[in-house]
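A.B. asks: Take a look at this one; I'll ask things after.
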Amino acid sequence: MTGDLDRSRPIWRQVAAIVEARAADGTYPPGSRVPGIVELSAEFSIAASTAQKALAHLRTTGVVRTELGLGTFVADK
């Protein structure tokens with residue numbers, strides 16, 4: 001999946017956009033768990049801090065919600 005990322009743009013923004021698109025197209029339906037930091041890091045071959053920044057952005061924008069100890073889930077619309 002790394003080949004899909006444009007290294008001239010912030011990687012965390014691109015990963016956030018991909019996860020958001022997956023939520024929008026139903027790949028991750030409302031209420032479903034989205035990949036966590038470790039999973040995103042592995043899928044995109046990125047640093048954990050980059051994946052964490054992408055998820056933090058998605059939380060801020062209301063795309064996902066995090067339940068401590070359980071994971072990150074697509075927010076119900």
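Identifiers for the structure tokens are assigned positionally: chains receive A, B, ... in sequence, residues are indexed from 1 per chain, and ligands are indexed from 1 in the order shown.
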Which polymer residues have any atom within 12 Å of an atom of A:Ile11, counting only C-alpha atoms, with same-chain residues fewer than 5 positions away left out, as a PDB file with C-alpha atoms, in the first residue's frame?
C.D. replies:
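Writing the result to around-v9.pdb gives the following:
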```pdb
ATOM      1  CA  THR A   2       2.982   2.271   0.499  1.00  0.00           C
ATOM      2  CA  GLY A   3       3.208   2.828  -3.261  1.00  0.00           C
ATOM      3  CA  ASP A   4      -0.122   4.671  -3.084  1.00  0.00           C
ATOM      4  CA  LEU A   5       1.278   7.381  -0.808  1.00  0.00           C
ATOM      5  CA  ASP A   6       2.737  10.559  -2.262  1.00  0.00           C
ATOM      6  CA  ALA A  16      -6.464   9.927   7.339  1.00  0.00           C
ATOM      7  CA  ALA A  17      -8.066  10.551   3.935  1.00  0.00           C
ATOM      8  CA  ILE A  18      -7.885   6.848   3.052  1.00  0.00           C
ATOM      9  CA  LEU A  40      -2.080   1.247  10.110  1.00  0.00           C
ATOM     10  CA  SER A  41       1.667   1.392  10.628  1.00  0.00           C
ATOM     11  CA  PHE A  44       1.180   1.672   5.091  1.00  0.00           C
ATOM     12  CA  SER A  45       4.760   1.034   6.284  1.00  0.00           C
ATOM     13  CA  ILE A  46       4.719   4.216   8.336  1.00  0.00           C
ATOM     14  CA  ALA A  47       5.864   5.203  11.797  1.00  0.00           C
ATOM     15  CA  ALA A  48       3.469   4.680  14.680  1.00  0.00           C
ATOM     16  CA  SER A  49       3.533   8.424  15.375  1.00  0.00           C
ATOM     17  CA  THR A  50       2.313   9.091  11.828  1.00  0.00           C
ATOM     18  CA  ALA A  51      -0.576   6.645  12.230  1.00  0.00           C
ATOM     19  CA  GLN A  52      -1.374   8.171  15.615  1.00  0.00           C
ATOM     20  CA  LYS A  53      -1.524  11.645  14.063  1.00  0.00           C
ATOM     21  CA  ALA A  54      -3.891  10.406  11.333  1.00  0.00           C
TER      22      ALA A  54
END
```
A.B. asks: Ranking A:Thr27, A:Arg13, A:Ile37, A:Glu20 by minimum distance to A:Val64 and counting only C-alpha atoms, which one comes first?
C.D. replies: A:Glu20
A.B. asks: Closest to A:Leu70 among A:His57, A:Ser8, A:Ser32, A:Ala42, using only C-alpha atoms?
C.D. replies: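 Using only C-alpha atoms, A:Leu70 sits closest to A:Ser32.
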A.B. asks: Out of chain A, which residues get strand (DSSP E) from DSSP, as a list in words?
C.D. replies: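 Residues of chain A classed as strand (DSSP E): Arg33, Val34, Val64, Arg65, Thr66, Glu67, Gly71, Thr72, Phe73 and Val74 of chain A.
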A.B. asks: Quick one: write out the picked residues with N, CA, C and O atoms as a CSV table (one decimal), in the first residue's frame?
C.D. replies:
```
chain,number,residue,atom,x,y,z
A,33,ARG,N,-15.0,-1.2,14.0
A,33,ARG,CA,-13.7,-0.9,14.5
A,33,ARG,C,-12.8,-0.6,13.2
A,33,ARG,O,-12.9,-1.3,12.2
A,34,VAL,N,-12.0,0.4,13.3
A,34,VAL,CA,-11.0,0.7,12.3
A,34,VAL,C,-9.6,0.3,12.8
A,34,VAL,O,-9.4,0.1,14.0
A,64,VAL,N,-14.1,9.3,13.5
A,64,VAL,CA,-14.0,8.2,14.4
A,64,VAL,C,-14.1,8.6,15.9
A,64,VAL,O,-14.0,9.8,16.2
A,65,ARG,N,-14.4,7.6,16.7
A,65,ARG,CA,-14.4,7.8,18.2
A,65,ARG,C,-13.5,6.7,18.8
A,65,ARG,O,-13.5,5.6,18.2
A,66,THR,N,-12.9,7.0,19.9
A,66,THR,CA,-12.0,6.0,20.5
A,66,THR,C,-12.6,5.7,21.9
A,66,THR,O,-13.1,6.6,22.6
A,67,GLU,N,-12.7,4.4,22.2
A,67,GLU,CA,-13.1,3.9,23.5
A,67,GLU,C,-11.9,3.3,24.1
A,67,GLU,O,-11.4,2.3,23.6
A,71,GLY,N,-10.7,0.3,21.4
A,71,GLY,CA,-10.2,0.6,20.1
A,71,GLY,C,-10.9,1.8,19.5
A,71,GLY,O,-11.5,2.6,20.2
A,72,THR,N,-10.7,2.0,18.2
A,72,THR,CA,-11.2,3.2,17.5
A,72,THR,C,-12.3,2.7,16.6
A,72,THR,O,-12.1,1.7,15.8
A,73,PHE,N,-13.4,3.4,16.5
A,73,PHE,CA,-14.6,3.0,15.8
A,73,PHE,C,-15.1,4.1,14.9
A,73,PHE,O,-15.0,5.3,15.3
A,74,VAL,N,-15.7,3.8,13.8
A,74,VAL,CA,-16.4,4.8,12.9
A,74,VAL,C,-17.5,5.4,13.7
A,74,VAL,O,-18.3,4.7,14.3
```
A.B. asks: As an exercise, work out the distance from atom CA of A:Ala23 to atom CA of A:Val38 in Å and give it to one decimal place.
C.D. replies: 18.8 Å
A.B. asks: Could you check how far atom CA of A:Arg7 sits from atom CA of A:Val63, in Å to one decimal?
C.D. replies: 24.1 Å
A.B. asks: Could you tell me, as number ranges by chain, which residues of chain A DSSP assigns to alpha helix (DSSP H) when given the backbone?
C.D. replies: A: 11-24, 37-44, 48-60
